[in-house]
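Enquirer: What follows is work27.csv; its format and atoms are CSV, C-alpha atoms and all ligand atoms.
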chain,number,residue,atom,x,y,z
A,467,MET,CA,116.4,238.9,51.6
A,468,LYS,CA,114.1,240.4,49.0
A,469,PRO,CA,114.6,244.0,47.8
A,470,GLY,CA,112.5,246.6,49.6
A,471,THR,CA,113.0,244.9,52.9
A,472,PHE,CA,114.0,246.9,56.0
A,473,GLY,CA,113.7,246.5,59.7
A,474,LEU,CA,112.9,248.8,62.7
A,475,THR,CA,114.3,247.8,66.1
A,476,GLY,CA,113.8,249.3,69.5
A,477,VAL,CA,110.2,250.0,68.7
A,478,ARG,CA,107.3,250.2,71.2
A,479,VAL,CA,104.2,249.3,69.1
A,480,VAL,CA,101.1,251.4,69.9
A,481,ASP,CA,97.7,249.7,69.3
A,482,PRO,CA,94.3,251.3,69.8
A,483,SER,CA,93.0,248.0,71.3
A,484,ASN,CA,96.0,246.6,73.2
A,485,PRO,CA,98.6,247.8,75.7
A,486,THR,CA,101.7,249.3,74.1
A,487,SER,CA,104.4,246.7,73.6
A,488,GLU,CA,107.9,246.5,75.1
A,489,PRO,CA,110.7,247.4,72.7
A,490,THR,CA,110.5,245.0,69.8
A,491,SER,CA,111.2,244.8,66.0
A,492,ILE,CA,109.1,245.4,62.9
A,493,VAL,CA,110.1,244.0,59.4
A,494,ILE,CA,108.7,245.8,56.3
A,495,GLU,CA,108.7,244.2,52.9
A,496,HIS,CA,107.4,245.7,49.7
A,497,GLY,CA,105.3,248.3,51.5
A,498,ARG,CA,103.7,245.9,54.0
A,499,ILE,CA,104.4,244.8,57.5
A,500,LEU,CA,106.0,241.3,57.2
A,501,SER,CA,106.3,240.7,61.0
A,502,VAL,CA,106.1,242.4,64.4
A,503,GLY,CA,108.3,240.8,67.1
A,504,ASP,CA,110.5,238.6,64.8
A,505,ALA,CA,114.2,239.3,64.3
A,506,VAL,CA,115.2,241.4,61.3
A,507,PRO,CA,116.6,239.1,58.5
A,508,ASP,CA,120.4,239.2,58.1
A,509,GLY,CA,121.5,241.8,55.6
A,510,ALA,CA,118.3,243.9,55.7
A,511,LEU,CA,118.7,247.6,56.3
A,512,THR,CA,117.9,248.1,60.0
A,513,TYR,CA,117.0,251.3,61.9
A,514,ASP,CA,117.2,251.4,65.6
A,515,LEU,CA,114.4,253.7,66.9
A,516,GLY,CA,115.8,253.7,70.5
A,517,GLY,CA,112.6,252.8,72.3
A,518,ARG,CA,110.4,255.3,70.4
A,519,PHE,CA,106.7,254.7,69.9
A,520,VAL,CA,105.3,253.5,66.5
A,521,ALA,CA,101.6,254.1,66.0
A,522,PRO,CA,99.4,253.4,63.0
A,523,GLY,CA,99.2,256.2,60.4
A,524,LEU,CA,96.2,258.4,60.8
A,525,VAL,CA,92.9,257.7,58.9
A,526,THR,CA,90.8,260.9,58.5
A,527,VAL,CA,87.5,260.8,56.8
A,528,HIS,CA,86.1,264.2,56.0
A,529,THR,CA,88.6,265.8,53.6
A,530,HIS,CA,88.2,268.4,50.8
A,531,PHE,CA,91.6,268.8,49.1
A,532,SER,CA,90.2,271.1,46.5
A,533,ILE,CA,88.3,273.6,48.6
A,534,VAL,CA,89.1,277.3,48.5
A,535,PHE,CA,89.2,279.6,51.5
A,536,PRO,CA,87.4,281.8,52.2
A,537,PHE,CA,84.6,280.1,50.1
A,538,SER,CA,83.8,283.4,48.5
A,539,ASP,CA,87.1,283.3,46.6
A,540,THR,CA,86.1,280.1,44.7
A,541,ASP,CA,86.5,280.6,41.0
A,542,GLU,CA,83.9,278.3,39.3
A,543,ASN,CA,85.8,278.7,36.0
A,544,GLU,CA,89.1,277.4,37.4
A,545,PRO,CA,90.8,274.9,35.1
A,546,PRO,CA,90.8,271.4,36.6
A,547,ALA,CA,94.6,271.2,36.2
A,548,LEU,CA,94.9,274.1,38.7
A,549,THR,CA,92.5,272.4,41.1
A,550,ALA,CA,94.7,269.3,40.8
A,551,PHE,CA,97.9,271.2,41.8
A,552,ARG,CA,96.2,272.8,44.9
A,553,SER,CA,94.8,269.5,45.9
A,554,ALA,CA,98.1,267.6,45.4
A,555,SER,CA,99.8,270.2,47.6
A,556,ARG,CA,97.3,269.6,50.4
A,557,ALA,CA,97.6,265.8,50.0
A,558,ARG,CA,101.4,266.1,50.6
A,559,GLU,CA,100.8,268.3,53.6
A,560,ALA,CA,98.3,265.7,55.0
A,561,LEU,CA,101.0,263.0,54.7
A,562,GLU,CA,103.5,265.2,56.6
A,563,ALA,CA,100.8,265.6,59.3
A,564,GLY,CA,100.8,261.8,59.8
A,565,VAL,CA,97.7,261.0,57.6
A,566,THR,CA,98.2,257.9,55.6
A,567,THR,CA,94.6,257.4,54.5
A,568,VAL,CA,91.9,260.1,53.7
A,569,ARG,CA,88.3,259.8,52.7
A,570,CYS,CA,87.4,262.7,50.4
A,571,VAL,CA,83.7,263.8,50.5
A,572,HIS,CA,83.1,266.5,47.9
A,573,GLU,CA,85.8,267.6,45.5
A,574,GLN,CA,85.8,270.1,42.7
A,575,HIS,CA,86.0,268.3,39.3
A,576,ALA,CA,86.0,264.9,41.2
A,577,ILE,CA,89.7,265.7,41.7
A,578,ASP,CA,90.1,263.0,44.3
A,579,VAL,CA,89.6,260.3,41.6
A,580,THR,CA,92.4,261.9,39.6
A,581,LEU,CA,94.8,262.2,42.5
A,582,ARG,CA,94.2,258.5,43.5
A,583,GLU,CA,95.1,257.5,39.9
A,584,ALA,CA,98.2,259.8,39.8
A,585,ASP,CA,99.4,258.2,43.0
A,586,ARG,CA,98.8,254.7,41.6
A,587,ARG,CA,100.9,255.6,38.6
A,588,GLY,CA,103.7,256.8,40.8
A,589,TRP,CA,103.6,260.4,39.6
A,590,PHE,CA,103.4,261.8,43.2
A,591,VAL,CA,103.1,260.4,46.7
A,592,ALA,CA,99.7,260.8,48.4
A,593,PRO,CA,97.9,259.3,51.3
A,594,ARG,CA,95.7,256.3,50.3
A,595,ILE,CA,92.7,258.2,48.9
A,596,LEU,CA,89.1,256.9,49.2
A,597,ALA,CA,87.3,259.1,46.7
A,598,GLY,CA,83.8,260.5,46.8
A,599,GLY,CA,84.0,262.4,43.5
A,600,ARG,CA,81.3,265.1,43.3
A,601,ALA,CA,78.6,265.3,46.0
A,602,LEU,CA,74.9,265.1,45.3
A,603,SER,CA,73.0,268.3,46.3
A,604,ALA,CA,69.5,269.7,46.0
A,605,PRO,CA,69.5,272.8,43.8
A,606,GLY,CA,70.3,275.8,46.1
A,607,GLY,CA,71.3,273.4,48.8
A,608,HIS,CA,74.6,273.2,50.8
A,609,GLY,CA,76.6,271.7,48.0
A,610,GLN,CA,77.7,274.3,45.5
A,611,GLY,CA,79.9,274.6,42.4
A,612,SER,CA,82.0,272.2,40.4
A,613,GLY,CA,82.2,269.8,43.3
A,614,SER,CA,78.4,269.1,43.2
A,615,VAL,CA,75.8,267.4,41.0
A,616,TYR,CA,72.4,269.0,41.4
A,617,CYS,CA,69.4,266.6,41.6
A,618,SER,CA,65.7,266.8,42.3
A,619,GLY,CA,63.6,263.7,43.0
A,620,PRO,CA,64.6,260.1,43.6
A,621,SER,CA,65.4,259.2,40.0
A,622,GLU,CA,67.8,262.1,39.5
A,623,PHE,CA,69.5,261.4,42.7
A,624,GLU,CA,69.9,257.7,41.9
A,625,ALA,CA,71.2,258.5,38.4
A,626,ALA,CA,73.7,261.0,39.8
A,627,ALA,CA,74.9,258.5,42.4
A,628,ARG,CA,75.5,255.9,39.6
A,629,GLY,CA,77.3,258.5,37.6
A,630,GLU,CA,79.8,259.3,40.3
A,631,LEU,CA,80.4,255.6,41.2
A,632,GLU,CA,80.9,254.8,37.5
A,633,ASN,CA,83.4,257.6,37.3
A,634,GLY,CA,85.4,255.9,40.1
A,635,ALA,CA,84.0,257.1,43.4
A,636,ASP,CA,84.4,254.7,46.3
A,637,HIS,CA,81.3,256.0,48.2
A,638,VAL,CA,78.6,258.6,47.7
A,639,LYS,CA,78.3,261.9,49.5
A,640,ILE,CA,74.9,263.6,50.0
A,641,PHE,CA,73.8,266.8,51.9
A,642,ILE,CA,70.6,266.0,53.9
A,643,THR,CA,70.5,269.4,55.7
A,644,GLY,CA,71.9,272.9,55.4
A,645,GLY,CA,75.2,273.8,57.1
A,646,LEU,CA,77.1,276.8,58.5
A,647,ALA,CA,79.1,277.8,55.4
A,648,HIS,CA,76.7,280.0,53.5
A,649,ALA,CA,74.5,282.9,54.5
A,650,GLY,CA,70.9,282.0,54.9
A,651,GLU,CA,71.3,278.2,55.4
A,652,ARG,CA,70.8,276.5,58.7
A,653,PRO,CA,71.9,273.0,59.9
A,654,GLU,CA,68.3,272.1,60.9
A,655,ASP,CA,66.8,272.7,57.5
A,656,PRO,CA,66.2,269.5,55.6
A,657,GLU,CA,67.5,269.3,52.0
A,658,MET,CA,66.5,265.8,50.9
A,659,THR,CA,63.4,263.6,51.2
A,660,GLU,CA,63.6,260.1,52.6
A,661,ALA,CA,62.7,258.7,49.2
A,662,GLU,CA,65.7,260.6,47.6
A,663,MET,CA,68.0,259.2,50.3
A,664,ARG,CA,66.7,255.6,49.7
A,665,ALA,CA,67.4,256.0,46.0
A,666,VAL,CA,71.0,257.0,46.6
A,667,VAL,CA,71.5,254.1,49.1
A,668,ARG,CA,70.1,251.7,46.5
A,669,ALA,CA,72.7,252.9,43.9
A,670,ALA,CA,75.5,252.7,46.4
A,671,GLN,CA,74.6,249.2,47.6
A,672,GLU,CA,74.4,248.0,44.0
A,673,HIS,CA,78.0,249.1,43.7
A,674,GLY,CA,79.0,247.4,47.0
A,675,THR,CA,79.4,250.6,48.9
A,676,TYR,CA,77.7,253.0,51.2
A,677,VAL,CA,76.4,256.6,51.6
A,678,VAL,CA,77.9,259.4,53.7
A,679,ALA,CA,75.7,262.3,54.7
A,680,HIS,CA,76.4,265.9,55.6
A,681,ALA,CA,74.0,265.9,58.5
A,682,GLY,CA,73.4,269.0,60.8
A,683,HIS,CA,70.4,267.9,62.8
A,684,HIS,CA,68.9,264.8,64.4
A,685,ASP,CA,65.5,265.0,62.6
A,686,ALA,CA,67.2,264.5,59.2
A,687,ILE,CA,69.6,261.9,60.7
A,688,ARG,CA,66.7,259.8,61.9
A,689,ARG,CA,65.1,259.8,58.4
A,690,ALA,CA,68.5,258.9,56.9
A,691,ILE,CA,69.0,256.0,59.3
A,692,ASP,CA,65.7,254.6,58.1
A,693,ALA,CA,66.8,255.1,54.5
A,694,GLY,CA,70.1,253.1,55.1
A,695,VAL,CA,72.7,255.9,55.3
A,696,ARG,CA,75.8,254.5,57.2
A,697,SER,CA,78.1,257.5,57.9
A,698,PHE,CA,77.1,260.9,59.3
A,699,GLU,CA,79.1,264.1,59.2
A,700,HIS,CA,79.1,267.2,61.5
A,701,ALA,CA,76.1,266.3,63.8
A,702,TYR,CA,75.9,270.0,65.0
A,703,VAL,CA,72.6,269.3,66.8
A,704,VAL,CA,72.0,265.7,68.0
A,705,ASP,CA,69.7,264.7,70.8
A,706,GLU,CA,70.1,261.8,73.2
A,707,PRO,CA,67.6,259.4,71.6
A,708,THR,CA,69.2,259.8,68.2
A,709,ALA,CA,72.7,259.3,69.7
A,710,GLU,CA,71.4,256.1,71.2
A,711,LEU,CA,69.9,254.9,67.9
A,712,LEU,CA,73.1,255.6,66.1
A,713,ALA,CA,75.0,253.5,68.6
A,714,GLN,CA,72.5,250.6,68.6
A,715,GLN,CA,72.6,250.4,64.8
A,716,GLY,CA,76.4,250.5,64.7
A,717,LEU,CA,76.6,253.6,62.6
A,718,TYR,CA,79.4,256.1,62.3
A,719,VAL,CA,79.7,259.8,63.0
A,720,SER,CA,82.5,262.3,62.2
A,721,PRO,CA,81.7,265.2,64.5
A,722,THR,CA,84.3,267.5,62.7
A,723,LEU,CA,84.7,269.6,65.8
A,724,ALA,CA,87.4,271.5,64.1
A,725,VAL,CA,84.8,273.3,62.0
A,726,THR,CA,83.4,275.3,65.0
A,727,ARG,CA,86.6,275.4,67.1
A,728,SER,CA,89.3,276.7,64.7
A,729,GLN,CA,88.9,280.5,65.1
A,730,ASP,CA,92.7,281.2,64.6
A,731,TRP,CA,92.6,279.1,61.3
A,732,MET,CA,89.4,281.0,60.1
A,733,ALA,CA,91.1,284.4,60.8
A,734,ALA,CA,94.3,283.3,59.0
A,735,HIS,CA,92.2,282.2,55.9
A,736,GLY,CA,90.2,285.4,55.5
A,737,PHE,CA,86.9,284.3,56.8
A,738,GLU,CA,84.5,287.2,57.2
A,739,ASP,CA,83.5,288.2,60.8
A,740,HIS,CA,79.9,286.9,60.4
A,741,SER,CA,81.2,283.4,59.4
A,742,ARG,CA,83.5,283.3,62.5
A,743,GLU,CA,80.7,284.4,64.7
A,744,ASN,CA,78.5,281.7,63.2
A,745,ALA,CA,81.1,279.1,64.1
A,746,ARG,CA,81.5,280.5,67.6
A,747,GLN,CA,77.7,280.3,68.2
A,748,ALA,CA,77.3,276.8,66.8
A,749,SER,CA,80.3,275.5,68.8
A,750,VAL,CA,78.3,275.2,72.1
A,751,ASP,CA,75.6,273.0,70.7
A,752,HIS,CA,78.1,271.2,68.6
A,753,LEU,CA,80.3,270.2,71.5
A,754,ALA,CA,77.2,269.2,73.6
A,755,SER,CA,76.1,267.0,70.7
A,756,ALA,CA,79.5,265.3,70.5
A,757,GLN,CA,79.4,264.7,74.2
A,758,ARG,CA,76.0,262.9,73.8
A,759,LEU,CA,77.5,260.8,71.0
A,760,VAL,CA,80.4,259.8,73.3
A,761,ALA,CA,78.0,259.0,76.2
A,762,ALA,CA,75.9,256.8,74.0
A,763,GLY,CA,79.0,255.0,72.7
A,764,VAL,CA,78.6,255.9,69.0
A,765,ALA,CA,81.6,254.9,66.8
A,766,LEU,CA,83.3,258.2,66.2
A,767,THR,CA,85.7,259.0,63.4
A,768,ASN,CA,88.2,261.7,62.9
A,769,GLY,CA,87.2,264.2,60.2
A,770,THR,CA,88.5,267.7,59.9
A,771,ASP,CA,86.7,269.4,57.0
A,772,ILE,CA,89.5,271.9,56.9
A,773,PRO,CA,92.6,270.5,55.1
A,774,PRO,CA,94.1,267.9,57.6
A,775,GLY,CA,97.6,269.3,57.3
A,776,ASP,CA,96.6,273.0,57.9
A,777,SER,CA,97.8,274.6,61.1
A,778,THR,CA,95.4,275.3,64.0
A,779,ASP,CA,96.0,275.8,67.7
A,780,GLY,CA,99.7,275.1,67.4
A,781,THR,CA,99.3,271.8,65.6
A,782,THR,CA,97.7,270.3,62.5
A,783,ALA,CA,93.9,270.0,62.0
A,784,VAL,CA,94.0,266.2,62.0
A,785,VAL,CA,95.8,266.1,65.4
A,786,ARG,CA,93.7,268.9,66.8
A,787,GLU,CA,90.5,267.0,65.8
A,788,ALA,CA,91.8,263.9,67.7
A,789,GLU,CA,92.4,266.2,70.7
A,790,LEU,CA,88.9,267.7,70.4
A,791,LEU,CA,87.4,264.2,70.4
A,792,ALA,CA,89.3,263.6,73.6
A,793,GLU,CA,88.0,266.9,75.0
A,794,ALA,CA,84.4,265.7,74.1
A,795,GLY,CA,85.0,262.7,76.4
A,796,LEU,CA,86.9,260.0,74.6
A,797,THR,CA,89.9,258.5,76.4
A,798,ALA,CA,93.2,259.0,74.6
A,799,ARG,CA,93.1,255.4,73.4
A,800,GLN,CA,89.5,255.9,72.1
A,801,ALA,CA,90.6,259.1,70.3
A,802,LEU,CA,93.4,257.2,68.7
A,803,ALA,CA,91.0,254.4,67.6
A,804,ALA,CA,88.7,257.2,66.2
A,805,SER,CA,91.7,258.3,64.1
A,806,THR,CA,92.9,254.8,63.0
A,807,THR,CA,91.0,251.5,63.4
A,808,THR,CA,87.4,252.8,63.6
A,809,PRO,CA,87.5,254.8,60.3
A,810,ALA,CA,89.4,252.0,58.6
A,811,LYS,CA,86.6,249.6,59.6
A,812,MET,CA,83.9,252.0,58.4
A,813,CYS,CA,85.7,252.3,55.1
A,814,GLY,CA,86.1,248.5,54.8
A,815,ILE,CA,89.9,248.7,54.7
A,816,ASP,CA,90.7,247.4,58.2
A,817,ASP,CA,92.4,244.4,56.6
A,818,ASP,CA,94.8,246.9,54.9
A,819,THR,CA,95.5,249.7,57.4
A,820,GLY,CA,94.7,251.1,60.9
A,821,ARG,CA,97.0,249.0,63.0
A,822,VAL,CA,100.7,248.0,63.3
A,823,VAL,CA,100.3,244.2,62.8
A,824,ALA,CA,101.8,241.7,60.3
A,825,GLY,CA,100.0,241.6,56.9
A,826,LEU,CA,98.8,245.2,56.9
A,827,SER,CA,100.2,248.1,54.9
A,828,ALA,CA,103.3,249.8,56.4
A,829,ASP,CA,101.5,253.0,57.5
A,830,LEU,CA,103.4,254.1,60.5
A,831,LEU,CA,104.2,257.1,62.7
A,832,VAL,CA,107.3,257.4,64.8
A,833,LEU,CA,106.6,259.4,68.0
A,834,ASP,CA,108.5,260.4,71.2
A,835,ALA,CA,105.6,259.7,73.5
A,836,ASP,CA,102.6,257.3,73.6
A,837,PRO,CA,99.4,258.7,72.0
A,838,SER,CA,97.3,255.9,73.6
A,839,VAL,CA,98.2,257.6,77.0
A,840,ASP,CA,98.1,261.3,75.9
A,841,ILE,CA,96.6,261.9,72.4
A,842,SER,CA,98.7,265.2,72.2
A,843,ALA,CA,101.7,262.9,71.7
A,844,LEU,CA,100.6,263.1,68.0
A,845,ARG,CA,101.8,266.8,68.0
A,846,ASN,CA,105.4,265.5,67.9
A,847,ILE,CA,105.7,263.2,64.9
A,848,ARG,CA,109.4,262.3,64.2
A,849,ALA,CA,108.9,260.2,61.1
A,850,GLY,CA,106.2,258.9,58.9
A,851,VAL,CA,105.9,255.9,56.6
A,852,SER,CA,103.1,255.5,54.1
A,853,GLN,CA,102.7,252.2,52.3
A,854,GLY,CA,106.4,251.5,53.1
A,855,ARG,CA,107.5,254.8,51.7
A,856,VAL,CA,109.3,257.2,54.1
A,857,VAL,CA,107.4,260.4,53.8
A,858,ARG,CA,108.8,262.3,56.7
A,859,ASP,CA,112.0,261.9,58.7
A,860,ASP,CA,112.8,264.9,60.9
A,861,LEU,CA,115.6,263.3,62.9
A,862,ASP,CA,117.1,261.2,60.1
A,863,LEU,CA,116.0,258.1,61.9
A,864,LEU,CA,115.3,256.2,58.7
A,865,THR,CA,118.2,257.4,56.6
A,866,THR,CA,121.2,255.2,55.5
A,867,HIS,CA,124.7,256.4,55.9
A,868,ASN,CA,124.8,257.5,52.2
A,869,GLY,CA,121.8,259.6,52.8
A,870,GLY,CA,119.0,257.6,51.2
A,871,HIS,CA,115.7,256.3,52.5
A,872,PRO,CA,114.8,252.6,52.3
B,1,ZN,ZN,82.8,269.2,54.4
Here is a file; write its structure as structure tokens.

Expert:
Amino acid sequence: MKPGTFGLTGVRVVDPSNPTSEPTSIVIEHGRILSVGDAVPDGALTYDLGGRFVAPGLVTVHTHFSIVFPFSDTDENEPPALTAFRSASRAREALEAGVTTVRCVHEQHAIDVTLREADRRGWFVAPRILAGGRALSAPGGHGQGSGSVYCSGPSEFEAAARGELENGADHVKIFITGGLAHAGERPEDPEMTEAEMRAVVRAAQEHGTYVVAHAGHHDAIRRAIDAGVRSFEHAYVVDEPTAELLAQQGLYVSPTLAVTRSQDWMAAHGFEDHSRENARQASVDHLASAQRLVAAGVALTNGTDIPPGDSTDGTTAVVREAELLAEAGLTARQALAASTTTPAKMCGIDDDTGRVVAGLSADLLVLDADPSVDISALRNIRAGVSQGRVVRDDLDLLTTHNGGHP
């Protein structure tokens, strides 16, 4: 037996594409799943989960660890070290919420690149981070402050995209329309030309990656599809033909329904009345657009925009978003796929995470009920394992008799 090996028995394995298994065993070695269904080797630490459900760790793809709420409290002169502490605390909360992979899409001081490196060096424990660094924005556009690079014209956008990628970004974030956050902006207002989008896509492709767009309205989304953008965020207003086009082309959308449906969270974080009213008004079209995306069969991905571990509606934002996707029409199994396998595929890491199968990273949630039957089962996470590390263990299920974790 090699060091770092442990076994879980009495496990019902939940898979977004297959029926949940009968009780079986999982063996974990050096942070990866060595086997599912084989006996645990003699002498390995073994934990009996008593028939509980083990689902893949959650993958959520619209995260800002560094963002300040309400936005008006942002201090543009904040030292990057302080940004890092705030962000690290949110990363830890995300892990406790069951998130084992995040895609960051606009971070002050490109702090996601720093956090990813700190985790690699073992200085703290974070979910797997796919970093976007700073986002590219037109001057006066949706992107503001130290998380943005301002660009005008295709050559500036292309150079900025290269800059972020060379600084360690895994993908490139752009804003192709306005949003809901700032006074005077509207999701239907375009903020980039098609030539600018093409320039960013060219830079991303040269680095073997893709572009993710903040996209409020279908007119801009159609131009971005032509330009080669692969991943779309928010989709506040999307008509049926655009939904069908997105589906036909195999593109991805994170509806981020939590943005317009988290009134209690907004109140708790000091958002002004007009911002809350804005969200309330936008929520009707937003849900209708998500329903069109569901009906067209677009590949949807869980993205929260608000920190994934923050509380809303009696649970965490990441779990609430999975529930909202189900309320928009996905089955529980599809909502689970939107929070695991689909975003893993979009990010090109489905050979590493998103399912509980041999060979993948040991990113696991222990649950009392089956989320592929009722997605709200994710509200009761009993334990979490991220890359083989026990990051949560409410019932001491994964604790040895002398009190340590494997
Ligand atoms: Zn966002």

Enquirer: Under the rule that only C-alpha atoms are counted, which of A:Ala584, A:Val565, A:Leu602, A:Ala679 is the nearest residue to A:Gly629?

Expert: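 Among A:Ala584, A:Val565, A:Leu602, A:Ala679, it is A:Leu602 that comes nearest to A:Gly629.
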
Enquirer: Pick out the residues sitting within 7 Å of stretch 744-754 of chain A, and hand them over as a list in words; count all atoms listed in the file, and ignore anything fewer than 4 positions along from it in its own chain.

Expert: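 In the requested form, the answer reads Leu646, Tyr702, Val703, Thr726, Arg727, His740, Arg758 and Ala794 of chain A.
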
Enquirer: Can I get the residues of chain A within 10 Å of ligand ZN 1 (chain B), each with the closest pair of atoms and their distance in Å to one decimal, using all atoms listed in the file, sorted chain first then ascending number, as a Markdown table?

Expert:
| residue | atom | partner | partner_atom | distance |
| --- | --- | --- | --- | --- |
| A:Val527 | CA | B:ZN1 | ZN | 9.9 |
| A:His528 | CA | B:ZN1 | ZN | 6.2 |
| A:Thr529 | CA | B:ZN1 | ZN | 6.8 |
| A:His530 | CA | B:ZN1 | ZN | 6.5 |
| A:Ile533 | CA | B:ZN1 | ZN | 9.1 |
| A:Cys570 | CA | B:ZN1 | ZN | 8.9 |
| A:Val571 | CA | B:ZN1 | ZN | 6.7 |
| A:His572 | CA | B:ZN1 | ZN | 7.0 |
| A:Glu573 | CA | B:ZN1 | ZN | 9.5 |
| A:His608 | CA | B:ZN1 | ZN | 9.8 |
| A:Gly609 | CA | B:ZN1 | ZN | 9.3 |
| A:Lys639 | CA | B:ZN1 | ZN | 9.9 |
| A:Phe641 | CA | B:ZN1 | ZN | 9.6 |
| A:Gly645 | CA | B:ZN1 | ZN | 9.3 |
| A:Ala647 | CA | B:ZN1 | ZN | 9.4 |
| A:Ala679 | CA | B:ZN1 | ZN | 9.9 |
| A:His680 | CA | B:ZN1 | ZN | 7.3 |
| A:Glu699 | CA | B:ZN1 | ZN | 7.9 |
| A:His700 | CA | B:ZN1 | ZN | 8.3 |
| A:Thr722 | CA | B:ZN1 | ZN | 8.6 |
| A:Val725 | CA | B:ZN1 | ZN | 8.9 |
| A:Gly769 | CA | B:ZN1 | ZN | 8.8 |
| A:Thr770 | CA | B:ZN1 | ZN | 8.1 |
| A:Asp771 | CA | B:ZN1 | ZN | 4.7 |
| A:Ile772 | CA | B:ZN1 | ZN | 7.6 |
| A:Pro773 | CA | B:ZN1 | ZN | 9.9 |

Enquirer: Could those selected residues go to a file with C-alpha atoms, as an mmCIF file, keeping the file's coordinate frame?

Expert:
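Dumped everything to selection_32.cif:
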data_model
loop_
_atom_site.group_PDB
_atom_site.id
_atom_site.type_symbol
_atom_site.label_atom_id
_atom_site.label_comp_id
_atom_site.auth_asym_id
_atom_site.auth_seq_id
_atom_site.Cartn_x
_atom_site.Cartn_y
_atom_site.Cartn_z
ATOM 1 C CA VAL A 527 87.500 260.800 56.800
ATOM 2 C CA HIS A 528 86.100 264.200 56.000
ATOM 3 C CA THR A 529 88.600 265.800 53.600
ATOM 4 C CA HIS A 530 88.200 268.400 50.800
ATOM 5 C CA ILE A 533 88.300 273.600 48.600
ATOM 6 C CA CYS A 570 87.400 262.700 50.400
ATOM 7 C CA VAL A 571 83.700 263.800 50.500
ATOM 8 C CA HIS A 572 83.100 266.500 47.900
ATOM 9 C CA GLU A 573 85.800 267.600 45.500
ATOM 10 C CA HIS A 608 74.600 273.200 50.800
ATOM 11 C CA GLY A 609 76.600 271.700 48.000
ATOM 12 C CA LYS A 639 78.300 261.900 49.500
ATOM 13 C CA PHE A 641 73.800 266.800 51.900
ATOM 14 C CA GLY A 645 75.200 273.800 57.100
ATOM 15 C CA ALA A 647 79.100 277.800 55.400
ATOM 16 C CA ALA A 679 75.700 262.300 54.700
ATOM 17 C CA HIS A 680 76.400 265.900 55.600
ATOM 18 C CA GLU A 699 79.100 264.100 59.200
ATOM 19 C CA HIS A 700 79.100 267.200 61.500
ATOM 20 C CA THR A 722 84.300 267.500 62.700
ATOM 21 C CA VAL A 725 84.800 273.300 62.000
ATOM 22 C CA GLY A 769 87.200 264.200 60.200
ATOM 23 C CA THR A 770 88.500 267.700 59.900
ATOM 24 C CA ASP A 771 86.700 269.400 57.000
ATOM 25 C CA ILE A 772 89.500 271.900 56.900
ATOM 26 C CA PRO A 773 92.600 270.500 55.100
#

Enquirer: Interatomic distance between atom CA of A:Arg558 and atom CA of A:Thr866?

Expert: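 Atom-to-atom, atom CA of A:Arg558 to atom CA of A:Thr866, that is 23.1 Å.
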
Enquirer: Using only C-alpha atoms, what residues lie at most 8 Å away from (70.2, 268.9, 67.7) (file coordinates), given as a PyMOL selection string?

Expert: chain A and resi 654+682-685+701-705+751+755

Enquirer: Residues within 10 Å of A:Ser805, please, as a PyMOL selection string. Count all atoms listed in the file; anything in the same chain fewer than 3 positions from it doesn't count.

Expert: chain A and resi 482+522-527+565+766-769+784-785+787-788+791+799-802+808-810+820

Enquirer: With C-alpha atoms retained, write the just-selected residues as a PDB file, in the coordinates of the input.

Expert:
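Okay, part-v2.pdb is ready:
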ATOM      1  CA  PRO A 482      94.300 251.300  69.800  1.00  0.00           C
ATOM      2  CA  PRO A 522      99.400 253.400  63.000  1.00  0.00           C
ATOM      3  CA  GLY A 523      99.200 256.200  60.400  1.00  0.00           C
ATOM      4  CA  LEU A 524      96.200 258.400  60.800  1.00  0.00           C
ATOM      5  CA  VAL A 525      92.900 257.700  58.900  1.00  0.00           C
ATOM      6  CA  THR A 526      90.800 260.900  58.500  1.00  0.00           C
ATOM      7  CA  VAL A 527      87.500 260.800  56.800  1.00  0.00           C
ATOM      8  CA  VAL A 565      97.700 261.000  57.600  1.00  0.00           C
ATOM      9  CA  LEU A 766      83.300 258.200  66.200  1.00  0.00           C
ATOM     10  CA  THR A 767      85.700 259.000  63.400  1.00  0.00           C
ATOM     11  CA  ASN A 768      88.200 261.700  62.900  1.00  0.00           C
ATOM     12  CA  GLY A 769      87.200 264.200  60.200  1.00  0.00           C
ATOM     13  CA  VAL A 784      94.000 266.200  62.000  1.00  0.00           C
ATOM     14  CA  VAL A 785      95.800 266.100  65.400  1.00  0.00           C
ATOM     15  CA  GLU A 787      90.500 267.000  65.800  1.00  0.00           C
ATOM     16  CA  ALA A 788      91.800 263.900  67.700  1.00  0.00           C
ATOM     17  CA  LEU A 791      87.400 264.200  70.400  1.00  0.00           C
ATOM     18  CA  ARG A 799      93.100 255.400  73.400  1.00  0.00           C
ATOM     19  CA  GLN A 800      89.500 255.900  72.100  1.00  0.00           C
ATOM     20  CA  ALA A 801      90.600 259.100  70.300  1.00  0.00           C
ATOM     21  CA  LEU A 802      93.400 257.200  68.700  1.00  0.00           C
ATOM     22  CA  THR A 808      87.400 252.800  63.600  1.00  0.00           C
ATOM     23  CA  PRO A 809      87.500 254.800  60.300  1.00  0.00           C
ATOM     24  CA  ALA A 810      89.400 252.000  58.600  1.00  0.00           C
ATOM     25  CA  GLY A 820      94.700 251.100  60.900  1.00  0.00           C
TER      26      GLY A 820
END

Enquirer: Between atom CA of A:Gly611 and atom CA of A:Arg556, what is the distance in Å, rounded to a tenth?

Expert: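 Atom CA of A:Arg556 lies at a distance of 19.8 Å from atom CA of A:Gly611.
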
Enquirer: Which neighbours of A:Ala635 fall inside 6 Å, counting all atoms listed in the file, when residues of the same chain fewer than 4 positions from it are skipped, and could you give them as number ranges by chain?

Expert: A: 597-599, 630-631
